[in-house]
file start09.cif (mmCIF, C-alpha atoms and all ligand atoms)
data_upload
loop_
_atom_site.label_atom_id
_atom_site.label_comp_id
_atom_site.auth_asym_id
_atom_site.auth_seq_id
_atom_site.Cartn_x
_atom_site.Cartn_y
_atom_site.Cartn_z
CA MET V 1 0.00 0.00 0.00
CA VAL V 2 2.61 2.56 1.11
CA ARG V 3 4.95 1.55 -1.69
CA ARG V 4 2.26 2.21 -4.30
CA ALA V 5 1.34 5.59 -2.82
CA PRO V 6 2.86 8.57 -4.67
CA LYS V 7 5.56 10.13 -2.49
CA ALA V 8 7.38 13.46 -2.43
CA LEU V 9 10.83 13.74 -0.89
CA LEU V 10 12.43 17.07 0.00
CA HIS V 11 15.42 15.98 2.10
CA ASP V 12 17.68 13.26 0.71
CA HIS V 13 21.48 13.44 0.48
CA LEU V 14 22.98 12.12 -2.74
CA ASP V 15 26.13 10.97 -0.93
CA GLY V 16 23.96 9.38 1.75
CA GLY V 17 22.02 7.21 -0.67
CA VAL V 18 24.63 5.39 -2.75
CA ARG V 19 23.90 1.69 -3.32
CA PRO V 20 26.33 -0.42 -1.24
CA ALA V 21 27.22 -2.48 -4.34
CA THR V 22 28.05 0.72 -6.21
CA VAL V 23 30.33 1.92 -3.41
CA VAL V 24 32.18 -1.40 -3.61
CA GLU V 25 32.46 -1.35 -7.41
CA LEU V 26 33.56 2.25 -7.64
CA ALA V 27 36.11 1.77 -4.84
CA GLU V 28 37.59 -1.22 -6.61
CA ALA V 29 37.73 0.52 -9.99
CA SER V 30 39.26 3.71 -8.62
CA GLY V 31 41.73 2.15 -6.19
CA TYR V 32 40.08 3.45 -3.01
CA ASP V 33 41.12 0.93 -0.37
CA GLY V 34 39.59 2.53 2.71
CA LEU V 35 36.32 0.56 2.82
CA PRO V 36 35.71 -1.45 6.00
CA THR V 37 34.55 -4.42 3.85
CA THR V 38 34.17 -5.14 0.13
CA ASP V 39 31.11 -7.33 0.57
CA ALA V 40 28.13 -5.21 -0.52
CA ALA V 41 25.63 -6.65 1.96
CA ALA V 42 28.10 -6.41 4.83
CA LEU V 43 28.95 -2.85 3.80
CA GLY V 44 25.28 -1.87 3.91
CA THR V 45 25.08 -3.23 7.45
CA TRP V 46 28.33 -1.52 8.39
CA PHE V 47 26.99 1.90 7.33
CA ARG V 48 23.84 1.41 9.37
CA ASP V 49 25.72 0.31 12.47
CA ALA V 50 28.45 2.94 12.23
CA ALA V 51 25.88 5.70 11.69
CA ASP V 52 23.94 4.44 14.70
CA SER V 53 26.25 6.39 16.95
CA GLY V 54 24.05 8.73 18.94
CA SER V 55 26.03 11.74 17.71
CA LEU V 56 25.74 13.74 14.52
CA GLU V 57 29.50 14.19 14.31
CA ARG V 58 30.19 10.44 14.36
CA TYR V 59 27.26 9.78 12.04
CA LEU V 60 28.83 12.16 9.52
CA GLU V 61 32.20 10.34 9.59
CA THR V 62 30.68 7.50 7.57
CA PHE V 63 30.27 9.82 4.57
CA SER V 64 34.02 9.75 3.92
CA HIS V 65 33.54 6.39 2.16
CA THR V 66 30.80 7.50 -0.22
CA VAL V 67 32.43 10.85 -0.94
CA ALA V 68 35.69 9.02 -1.75
CA VAL V 69 34.00 7.27 -4.68
CA MET V 70 32.20 10.37 -5.98
CA GLN V 71 35.18 12.28 -7.41
CA THR V 72 34.90 11.90 -11.18
CA GLU V 73 32.16 12.87 -13.62
CA GLU V 74 31.47 9.22 -14.43
CA GLN V 75 31.14 8.33 -10.75
CA LEU V 76 28.86 11.30 -10.02
CA THR V 77 26.64 10.65 -13.03
CA ARG V 78 26.29 6.99 -12.12
CA VAL V 79 25.41 7.70 -8.49
CA ALA V 80 22.86 10.36 -9.50
CA ARG V 81 21.26 8.11 -12.14
CA GLU V 82 20.92 5.26 -9.64
CA CYS V 83 19.49 7.63 -7.05
CA ALA V 84 16.71 8.68 -9.44
CA LEU V 85 16.00 5.05 -10.35
CA ASP V 86 15.92 3.85 -6.74
CA LEU V 87 13.58 6.63 -5.66
CA ALA V 88 11.28 6.07 -8.65
CA ALA V 89 11.13 2.34 -7.95
CA ASP V 90 10.02 3.19 -4.41
CA GLY V 91 7.11 5.27 -5.71
CA VAL V 92 8.69 8.69 -5.22
CA VAL V 93 7.25 11.01 -7.89
CA TYR V 94 9.10 14.16 -6.86
CA ALA V 95 12.48 14.39 -5.14
CA GLU V 96 14.96 17.03 -4.16
CA SER V 97 18.42 15.49 -3.85
CA ARG V 98 21.16 17.50 -2.17
CA PHE V 99 24.93 17.24 -2.26
CA ALA V 100 27.90 19.46 -1.46
CA PRO V 101 29.86 20.22 -4.65
CA GLU V 102 32.92 21.22 -2.56
CA LEU V 103 33.26 17.61 -1.36
CA HIS V 104 33.68 16.28 -4.90
CA ILE V 105 36.73 18.21 -6.11
CA GLU V 106 39.47 16.10 -4.49
CA ARG V 107 40.64 14.94 -7.92
CA GLY V 108 40.57 18.39 -9.43
CA LEU V 109 37.09 18.46 -10.92
CA PRO V 110 35.85 22.07 -11.18
CA LEU V 111 32.67 22.82 -9.19
CA ASP V 112 30.54 23.47 -12.27
CA ARG V 113 31.45 20.10 -13.76
CA VAL V 114 30.53 18.40 -10.49
CA VAL V 115 27.07 19.96 -10.77
CA GLU V 116 26.70 19.14 -14.45
CA ALA V 117 27.72 15.52 -13.94
CA VAL V 118 25.10 15.07 -11.22
CA LEU V 119 22.41 16.79 -13.30
CA ALA V 120 23.24 14.51 -16.25
CA GLY V 121 22.73 11.52 -13.97
CA PHE V 122 19.35 12.77 -12.79
CA ARG V 123 18.23 13.36 -16.39
CA ALA V 124 19.32 9.84 -17.41
CA GLY V 125 17.59 8.29 -14.40
CA GLU V 126 14.41 10.26 -15.04
CA ALA V 127 14.31 9.10 -18.67
CA GLU V 128 14.80 5.46 -17.68
CA ALA V 129 12.27 5.67 -14.88
CA ALA V 130 9.67 7.18 -17.21
CA ALA V 131 10.30 4.41 -19.74
CA ALA V 132 9.81 1.86 -16.97
CA GLY V 133 6.42 3.37 -16.09
CA THR V 134 7.55 5.01 -12.84
CA PRO V 135 8.01 8.68 -13.75
CA ILE V 136 9.89 10.88 -11.31
CA ARG V 137 11.03 14.48 -11.26
CA VAL V 138 14.38 15.06 -9.53
CA VAL V 139 15.61 18.53 -8.56
CA ALA V 140 19.11 19.14 -7.17
CA LEU V 141 19.88 21.26 -4.11
CA LEU V 142 23.42 22.51 -3.63
CA THR V 143 24.78 22.24 -0.10
CA ALA V 144 27.63 24.20 1.47
CA MET V 145 29.40 22.59 4.43
CA ARG V 146 28.74 24.72 7.50
CA HIS V 147 32.25 24.31 9.00
CA ALA V 148 33.87 25.53 5.76
CA ALA V 149 33.76 28.97 4.16
CA ASN V 150 32.42 28.30 0.66
CA GLY V 151 28.84 29.36 1.26
CA ARG V 152 28.87 32.33 -1.03
CA GLU V 153 30.58 30.46 -3.87
CA ILE V 154 28.14 27.55 -3.67
CA ALA V 155 25.21 29.97 -3.50
CA ASP V 156 26.50 31.53 -6.72
CA LEU V 157 26.56 28.11 -8.31
CA ALA V 158 22.97 27.47 -7.22
CA VAL V 159 21.85 30.71 -8.89
CA THR V 160 23.85 29.99 -12.05
CA TYR V 161 22.20 26.58 -12.44
CA ARG V 162 18.70 27.47 -11.27
CA ASP V 163 17.13 27.05 -14.70
CA ARG V 164 19.07 23.88 -15.39
CA GLY V 165 17.89 21.56 -12.64
CA VAL V 166 19.08 23.16 -9.40
CA GLY V 167 16.18 24.15 -7.15
CA GLY V 168 18.01 25.78 -4.28
CA PHE V 169 20.69 25.87 -1.61
CA ASP V 170 21.32 24.36 1.84
CA ILE V 171 23.95 24.17 4.55
CA ALA V 172 24.81 20.87 6.27
CA GLY V 173 27.42 19.25 8.50
CA ALA V 174 28.05 19.51 12.24
CA GLU V 175 25.56 21.96 13.73
CA ALA V 176 26.89 22.64 17.24
CA GLY V 177 29.46 25.44 17.02
CA PHE V 178 28.54 26.30 13.44
CA PRO V 179 25.48 28.56 13.53
CA PRO V 180 23.67 29.42 10.29
CA THR V 181 24.76 33.08 10.51
CA ARG V 182 28.30 31.95 9.62
CA HIS V 183 26.93 31.87 6.06
CA LEU V 184 24.81 35.01 6.28
CA ASP V 185 26.48 36.51 3.21
CA ALA V 186 25.35 33.55 1.13
CA PHE V 187 21.77 33.78 2.39
CA GLU V 188 21.58 37.54 1.85
CA TYR V 189 22.86 37.07 -1.68
CA LEU V 190 20.28 34.36 -2.39
CA ARG V 191 17.46 36.52 -1.09
CA ARG V 192 18.52 39.38 -3.33
CA GLU V 193 18.49 36.89 -6.20
CA ASN V 194 14.96 35.67 -5.31
CA ALA V 195 16.42 32.19 -4.85
CA HIS V 196 15.28 29.40 -2.51
CA PHE V 197 17.12 27.82 0.39
CA THR V 198 16.65 25.49 3.29
CA ILE V 199 18.90 25.19 6.33
CA HIS V 200 19.70 22.14 8.46
CA ALA V 201 18.67 23.49 11.88
CA GLY V 202 17.32 22.13 15.13
CA GLU V 203 18.83 18.67 14.71
CA ALA V 204 21.96 18.49 16.89
CA PHE V 205 21.40 21.96 18.33
CA GLY V 206 18.24 23.58 19.60
CA LEU V 207 16.08 26.67 19.32
CA PRO V 208 18.83 29.29 18.76
CA SER V 209 19.81 27.48 15.56
CA ILE V 210 16.23 27.44 14.30
CA TRP V 211 15.74 31.07 15.27
CA GLU V 212 18.89 32.19 13.42
CA ALA V 213 17.97 30.12 10.37
CA LEU V 214 14.57 31.81 10.13
CA GLN V 215 14.99 35.30 11.56
CA TRP V 216 18.56 36.15 10.55
CA CYS V 217 19.02 34.06 7.45
CA GLY V 218 15.47 33.89 6.09
CA ALA V 219 15.30 30.18 5.38
CA ASP V 220 12.32 29.02 3.31
CA ARG V 221 12.35 25.63 5.05
CA LEU V 222 14.06 23.86 7.95
CA GLY V 223 16.09 20.66 7.54
CA HIS V 224 14.87 18.52 10.47
CA GLY V 225 13.73 21.37 12.75
CA VAL V 226 12.80 18.65 15.22
CA ARG V 227 13.96 20.64 18.27
CA ILE V 228 11.15 23.14 17.69
CA VAL V 229 9.33 20.96 20.25
CA ASP V 230 11.56 22.56 22.89
CA ASP V 231 9.33 25.60 22.40
CA VAL V 232 6.10 23.67 22.95
CA ALA V 233 5.14 23.42 26.62
CA THR V 234 2.27 21.64 28.30
CA GLY V 235 -0.37 23.88 29.84
CA GLY V 236 -2.24 23.30 33.09
CA ASP V 237 -5.03 21.48 31.26
CA GLY V 238 -2.50 19.21 29.55
CA ALA V 239 -2.92 20.99 26.20
CA PRO V 240 0.19 22.09 24.27
CA VAL V 241 1.21 25.75 24.55
CA LEU V 242 3.32 27.18 21.75
CA GLY V 243 6.12 29.63 22.49
CA ARG V 244 6.72 32.58 20.15
CA LEU V 245 9.14 30.76 17.86
CA ALA V 246 7.03 27.61 17.57
CA ALA V 247 3.98 29.79 16.93
CA TYR V 248 5.89 31.65 14.21
CA VAL V 249 6.91 28.38 12.55
CA ARG V 250 3.33 27.14 12.55
CA ASP V 251 1.69 30.46 11.66
CA CYS V 252 4.03 31.02 8.71
CA ARG V 253 3.65 27.42 7.56
CA VAL V 254 7.43 26.92 7.66
CA PRO V 255 8.02 23.47 6.15
CA LEU V 256 9.79 21.01 8.46
CA GLU V 257 11.83 18.41 6.58
CA MET V 258 11.61 15.68 9.20
CA CYS V 259 13.66 12.48 9.05
CA PRO V 260 12.66 10.01 11.79
CA SER V 261 15.21 7.20 11.35
CA SER V 262 18.12 9.60 10.91
CA ASN V 263 17.15 11.41 14.13
CA ILE V 264 17.14 8.18 16.09
CA GLN V 265 20.66 7.36 14.87
CA THR V 266 22.09 10.78 15.74
CA GLY V 267 20.32 10.89 19.10
CA ALA V 268 17.94 13.72 18.14
CA ALA V 269 14.96 11.46 18.91
CA GLU V 270 14.34 8.31 20.95
CA SER V 271 12.10 6.20 18.74
CA VAL V 272 9.63 6.42 15.89
CA ALA V 273 6.78 5.99 18.36
CA THR V 274 7.86 9.02 20.40
CA HIS V 275 9.32 11.11 17.56
CA PRO V 276 8.02 14.71 17.74
CA ILE V 277 6.83 14.46 14.13
CA THR V 278 3.54 12.96 15.29
CA MET V 279 2.84 15.67 17.84
CA LEU V 280 3.80 18.35 15.29
CA LYS V 281 1.55 16.72 12.70
CA ASP V 282 -1.34 16.69 15.19
CA LEU V 283 -0.69 20.39 15.90
CA ARG V 284 -0.79 20.93 12.12
CA PHE V 285 2.69 22.29 11.64
CA ARG V 286 3.72 21.94 7.99
CA VAL V 287 5.35 18.55 8.50
CA THR V 288 7.00 16.51 5.74
CA VAL V 289 8.49 12.99 5.91
CA ASN V 290 11.96 12.39 4.50
CA THR V 291 14.77 9.85 4.31
CA ASP V 292 17.88 12.04 4.90
CA ASN V 293 20.39 9.25 4.17
CA ARG V 294 18.99 6.04 2.78
CA LEU V 295 22.32 4.22 2.97
CA MET V 296 23.24 5.22 6.52
CA SER V 297 19.73 4.50 7.78
CA GLY V 298 19.05 1.48 5.58
CA THR V 299 15.80 3.14 4.67
CA SER V 300 13.51 4.43 1.92
CA MET V 301 10.50 6.72 1.74
CA SER V 302 8.20 3.70 1.93
CA ARG V 303 10.01 2.43 5.00
CA GLU V 304 9.88 5.78 6.82
CA MET V 305 6.16 6.05 6.11
CA GLN V 306 5.47 2.44 7.06
CA LEU V 307 7.31 2.93 10.36
CA LEU V 308 5.06 5.89 11.15
CA VAL V 309 2.01 3.76 10.36
CA ASP V 310 3.22 0.78 12.39
CA GLU V 311 4.76 2.54 15.36
CA ALA V 312 3.14 5.98 15.61
CA GLY V 313 -0.44 5.31 14.52
CA TRP V 314 -0.39 7.17 11.21
CA ASP V 315 -2.96 6.35 8.53
CA LEU V 316 -3.20 6.79 4.78
CA GLU V 317 -4.80 10.22 5.18
CA ASP V 318 -1.77 11.37 7.20
CA LEU V 319 0.56 10.12 4.45
CA ARG V 320 -1.49 11.93 1.82
CA TRP V 321 -1.38 15.11 3.91
CA VAL V 322 2.42 15.10 4.38
CA THR V 323 2.86 14.35 0.68
CA ILE V 324 0.77 17.36 -0.28
CA ASN V 325 2.65 19.41 2.34
CA ALA V 326 5.92 18.40 0.68
CA MET V 327 4.65 19.26 -2.80
CA LYS V 328 3.41 22.65 -1.58
CA SER V 329 6.86 23.30 -0.08
CA ALA V 330 8.92 22.11 -3.06
CA PHE V 331 11.49 24.38 -4.70
CA LEU V 332 9.62 24.07 -7.98
CA PRO V 333 7.53 26.72 -9.75
CA PHE V 334 3.98 26.99 -8.40
CA ASP V 335 2.27 25.76 -11.56
CA GLU V 336 4.47 22.66 -11.66
CA ARG V 337 3.73 21.93 -8.01
CA LEU V 338 0.00 22.19 -8.65
CA GLU V 339 0.27 19.94 -11.66
CA LEU V 340 1.90 17.20 -9.56
CA ILE V 341 -0.57 17.64 -6.69
CA ASP V 342 -3.67 17.59 -8.91
CA HIS V 343 -2.64 15.04 -11.50
CA VAL V 344 -0.34 12.67 -9.64
CA VAL V 345 -0.61 12.87 -5.85
CA LYS V 346 -4.35 13.28 -5.36
CA PRO V 347 -5.39 10.67 -7.96
CA GLY V 348 -2.73 8.28 -6.59
CA TYR V 349 -4.11 8.43 -3.07
CA ALA V 350 -7.70 8.36 -4.32
CA ALA V 351 -6.90 5.09 -6.09
CA LEU V 352 -5.69 3.70 -2.76
CA GLY V 353 -8.89 4.75 -1.06
CA ALA V 354 -7.64 7.82 0.81
O1 LIG V 401 21.45 14.89 8.93
C1 LIG V 401 22.42 15.55 8.57
N1 LIG V 401 22.78 16.66 9.25
C2 LIG V 401 23.82 17.45 8.91
N2 LIG V 401 24.60 17.19 7.85
C3 LIG V 401 24.32 16.08 7.13
C4 LIG V 401 23.26 15.23 7.44
N3 LIG V 401 23.25 14.22 6.55
C5 LIG V 401 24.26 14.44 5.72
N4 LIG V 401 24.93 15.55 6.05
C6 LIG V 401 26.13 16.12 5.41
O2 LIG V 401 25.74 16.69 4.18
C7 LIG V 401 26.77 16.46 3.24
C8 LIG V 401 26.30 16.71 1.84
O3 LIG V 401 25.31 15.84 1.46
C9 LIG V 401 27.21 15.05 3.59
O4 LIG V 401 28.49 14.75 3.07
C10 LIG V 401 27.17 15.06 5.10
O5 LIG V 401 28.42 15.53 5.60
ZN ZN V 402 20.23 16.09 6.08
#
call {"tool": "encode", "arguments": {"input": "start09.cif", "output": "structure tokens", "more": "lines below"}}
Ligand SMILES: O=c1[nH]cnc2c1ncn2[C@@H]1O[C@H](CO)[C@@H](O)[C@H]1O
Ligand SMILES: [Zn+2]
result
Amino acid sequence: MVRRAPKALLHDHLDGGVRPATVVELAEASGYDGLPTTDAAALGTWFRDAADSGSLERYLETFSHTVAVMQTEEQLTRVARECALDLAADGVVYAESRFAPELHIERGLPLDRVVEAVLAGFRAGEAEAAAAGTPIRVVALLTAMRHAANGREIADLAVTYRDRGVGGFDIAGAEAGFPPTRHLDAFEYLRRENAHFTIHAGEAFGLPSIWEALQWCGADRLGHGVRIVDDVATGGDGAPVLGRLAAYVRDCRVPLEMCPSSNIQTGAAESVATHPITMLKDLRFRVTVNTDNRLMSGTSMSREMQLLVDEAGWDLEDLRWVTINAMKSAFLPFDERLELIDHVVKPGYAALGA
């Protein structure tokens, strides 16, 4: 049922979704000998276990192995093509896939060719998926690493490629000690260019990070944003009471790109059953469901949704609602969003009886 439902994905890292077998093959072909194992199944398990660390910093260390095999145009195009195919096979009809161009220049590839190689992969994957009867639209988001100082340059790249498959910009990496305002110049530039951006905030750090992302930087959406619950108290009658920031997030319909399994691995949440996403959904925040890193979490959109059904009491109507939320929040022109909502998402859920 969930697999057949049309799904929209706003928060998925390209370097966090490489097929284990592809990591092994590319490592072998390129002479990268740093993998913990060259057995694809064992490698998949290794990523899940190693990422299950309870800390974002240690979780992020696992990316060194995928990034190591994403350094040439051929490698990047292959990984991007497979990403589009894997998402389409899972019933994802719209996806935004993010990656940090600055991580893929170790072998001298210029930033613009990194972007073009990934875009070529998405186009190839889309064409194959359409031919296979599982059409998907994939938009790229360009990420700058928050500990580095390339924000402005990557923002430039996002603007340069905005009519060629790049939907927007993001910052990612360790959050504690690296507040969003470090990249304020990039965000101010993007706003002047009428461009879109999301910011990883409220994952490994709390309300100040979310507040800066929204009120200093002007983020259109929040990556995770799960710690916004720190601003929701319980009143005398047991009913939730929203603080000013939480109220702002809900009033302004700020999209929350929530990623349950990833949060459990990094220690941002305890379990799917108790993940704040369900409370925030019930309070009608603009919640979306996402994968974050399919490889590190051994997950998919269908799996994340099924977990919410099985462990947090969600039903098909909830899944339809978060899917429409995601489409409304997509970095895609309004008319194209409507087209997907009216002609793909709504009929797809209607066919399932929602
Ligand atoms: O959940 C996350 N929080 C913060 N940073 C992340 C997360 N997942 C991945 N990355 C970082 O984003 C880079 C570009 O895709 C990855 O290489 C990883 O370092
Ligand atoms: Zn992320």
call {"tool": "closest_residue", "arguments": {"input": "start09.cif", "among": "V:Arg164, V:Arg294, V:Arg284, V:Arg191", "to": "ligand ZN 402 (chain V)", "atoms": "only C-alpha atoms and all ligand atoms"}}
result
V:Arg294
call {"tool": "closest_atom_pairs", "arguments": {"input": "start09.cif", "of": "stretch 77-185 of chain V", "to": "stretch 220-244 of chain V", "cutoff": "10 Å", "atoms": "all atoms listed in the file", "output": "JSON lines"}}
result
{"residue": "V:Asp170", "atom": "CA", "partner": "V:Gly223", "partner_atom": "CA", "distance": 8.6}
{"residue": "V:Ile171", "atom": "CA", "partner": "V:Gly223", "partner_atom": "CA", "distance": 9.1}
{"residue": "V:Ala172", "atom": "CA", "partner": "V:Gly223", "partner_atom": "CA", "distance": 8.8}
call {"tool": "write_last_selection", "arguments": {"input": "start09.cif", "atoms": "C-alpha atoms", "output": "compact mmCIF listing (two decimals), in the frame of the given file"}}
result
# COMPACT_ATOMS: atom_id res chain seq x y z
CA ASP V 170 21.32 24.36 1.84
CA ILE V 171 23.95 24.17 4.55
CA ALA V 172 24.81 20.87 6.27
call {"tool": "atom_distance", "arguments": {"input": "start09.cif", "atom1": "atom CA of V:Phe169", "atom2": "atom CA of V:Val272"}}
result
28.4 Å
call {"tool": "residues_near_ligand", "arguments": {"input": "start09.cif", "ligand": "ligand LIG 401 (chain V)", "cutoff": "7 Å", "atoms": "all atoms listed in the file", "output": "ChimeraX atom specification"}}
result
/V:13-16,56,60,63,67,98-100,143,145,172-175,200,262,292-293
call {"tool": "residues_near_point", "arguments": {"input": "start09.cif", "point": "(1.9, 23.1, -6.8)", "cutoff": "12 Å", "atoms": "only C-alpha atoms", "output": "PyMOL selection string"}}
result
chain V and resi 8+94+323-346
call {"tool": "closest_residue", "arguments": {"input": "start09.cif", "among": "V:Thr72, V:Leu109, V:Glu96, V:Ala195", "to": "V:Asp163", "atoms": "all atoms listed in the file"}}
result
V:Ala195
call {"tool": "residues_near_point", "arguments": {"input": "start09.cif", "point": "(36.1, 5.2, 2.3)", "cutoff": "10 Å", "atoms": "only C-alpha atoms", "output": "list in words"}}
result
Val23, Val24, Ala27, Tyr32, Asp33, Gly34, Leu35, Pro36, Thr37, Glu61, Thr62, Phe63, Ser64, His65, Thr66, Val67, Ala68 and Val69 of chain V
call {"tool": "residues_around", "arguments": {"input": "start09.cif", "residues": "V:Glu153", "least_positions_apart": "3", "cutoff": "10 Å", "atoms": "only C-alpha atoms", "output": "JSON, numbers by chain"}}
result
{"V": [102, 111, 144, 149, 150, 156, 157, 158, 186]}
call {"tool": "write_last_selection", "arguments": {"input": "start09.cif", "atoms": "C-alpha atoms", "output": "mmCIF file, keeping the file's coordinate frame"}}
result
data_model
loop_
_atom_site.group_PDB
_atom_site.id
_atom_site.type_symbol
_atom_site.label_atom_id
_atom_site.label_comp_id
_atom_site.auth_asym_id
_atom_site.auth_seq_id
_atom_site.Cartn_x
_atom_site.Cartn_y
_atom_site.Cartn_z
ATOM 1 C CA GLU V 102 32.920 21.220 -2.560
ATOM 2 C CA LEU V 111 32.670 22.820 -9.190
ATOM 3 C CA ALA V 144 27.630 24.200 1.470
ATOM 4 C CA ALA V 149 33.760 28.970 4.160
ATOM 5 C CA ASN V 150 32.420 28.300 0.660
ATOM 6 C CA ASP V 156 26.500 31.530 -6.720
ATOM 7 C CA LEU V 157 26.560 28.110 -8.310
ATOM 8 C CA ALA V 158 22.970 27.470 -7.220
ATOM 9 C CA ALA V 186 25.350 33.550 1.130
#
call {"tool": "atom_distance", "arguments": {"input": "start09.cif", "atom1": "atom CA of V:Val115", "atom2": "atom CA of V:Gly165"}}
result
9.5 Å
call {"tool": "residues_around", "arguments": {"input": "start09.cif", "residues": "V:Asp49", "least_positions_apart": "6", "cutoff": "12 Å", "atoms": "all atoms listed in the file", "output": "PDB file with C-alpha atoms, in the coordinates of the input"}}
result
ATOM      1  CA  ALA V  42      28.100  -6.410   4.830  1.00  0.00           C
ATOM      2  CA  LEU V  43      28.950  -2.850   3.800  1.00  0.00           C
ATOM      3  CA  ARG V  58      30.190  10.440  14.360  1.00  0.00           C
ATOM      4  CA  TYR V  59      27.260   9.780  12.040  1.00  0.00           C
ATOM      5  CA  THR V  62      30.680   7.500   7.570  1.00  0.00           C
ATOM      6  CA  GLN V 265      20.660   7.360  14.870  1.00  0.00           C
ATOM      7  CA  THR V 266      22.090  10.780  15.740  1.00  0.00           C
ATOM      8  CA  LEU V 295      22.320   4.220   2.970  1.00  0.00           C
ATOM      9  CA  MET V 296      23.240   5.220   6.520  1.00  0.00           C
ATOM     10  CA  SER V 297      19.730   4.500   7.780  1.00  0.00           C
ATOM     11  CA  GLY V 298      19.050   1.480   5.580  1.00  0.00           C
TER      12      GLY V 298
END
call {"tool": "axis_aligned_box", "arguments": {"input": "start09.cif", "around": "stretch 167-184 of chain V", "padding_each_side": "8 Å", "output": "JSON"}}
result
{"center_x": 22.8, "center_y": 27.1, "center_z": 5.0, "size_x": 29.3, "size_y": 31.8, "size_z": 40.4}
call {"tool": "atom_distance", "arguments": {"input": "start09.cif", "atom1": "atom CA of V:Ser271", "atom2": "atom CA of V:Glu311"}}
result
8.9 Å
call {"tool": "residues_around", "arguments": {"input": "start09.cif", "residues": "V:Tyr248", "least_positions_apart": "2", "cutoff": "12 Å", "atoms": "all atoms listed in the file", "output": "list in words"}}
result
Ile210, Trp211, Leu214, Gln215, Ile228, Asp231, Val232, Leu242, Gly243, Arg244, Leu245, Ala246, Arg250, Asp251, Cys252, Arg253, Val254, Pro255, Phe285 and Arg286 of chain V
call {"tool": "closest_residue", "arguments": {"input": "start09.cif", "among": "V:Gly313, V:Gly133, V:Pro20, V:Gly121", "to": "V:Asp39", "atoms": "only C-alpha atoms"}}
result
V:Pro20
call {"tool": "closest_residue", "arguments": {"input": "start09.cif", "among": "V:Pro179, V:Arg152, V:Gly168, V:Ile264", "to": "V:Ser53", "atoms": "only C-alpha atoms"}}
result
V:Ile264
call {"tool": "closest_residue", "arguments": {"input": "start09.cif", "among": "V:Ala213, V:Leu316, V:Ala204, V:Leu103", "to": "V:Ala148", "atoms": "all atoms listed in the file"}}
result
V:Leu103
call {"tool": "closest_residue", "arguments": {"input": "start09.cif", "among": "V:Glu304, V:Asp86, V:Asp12, V:Glu128", "to": "ligand ZN 402 (chain V)", "atoms": "all atoms listed in the file"}}
result
V:Asp12
call {"tool": "residues_around", "arguments": {"input": "start09.cif", "residues": "V:Gln75", "least_positions_apart": "5", "cutoff": "10 Å", "atoms": "all atoms listed in the file", "output": "mmCIF file with C-alpha atoms, in the frame of the given file"}}
result
data_model
loop_
_atom_site.group_PDB
_atom_site.id
_atom_site.type_symbol
_atom_site.label_atom_id
_atom_site.label_comp_id
_atom_site.auth_asym_id
_atom_site.auth_seq_id
_atom_site.Cartn_x
_atom_site.Cartn_y
_atom_site.Cartn_z
ATOM 1 C CA THR V 22 28.050 0.720 -6.210
ATOM 2 C CA VAL V 23 30.330 1.920 -3.410
ATOM 3 C CA LEU V 26 33.560 2.250 -7.640
ATOM 4 C CA SER V 30 39.260 3.710 -8.620
ATOM 5 C CA VAL V 69 34.000 7.270 -4.680
ATOM 6 C CA MET V 70 32.200 10.370 -5.980
ATOM 7 C CA ALA V 80 22.860 10.360 -9.500
ATOM 8 C CA ARG V 81 21.260 8.110 -12.140
ATOM 9 C CA ALA V 117 27.720 15.520 -13.940
ATOM 10 C CA VAL V 118 25.100 15.070 -11.220
ATOM 11 C CA GLY V 121 22.730 11.520 -13.970
#
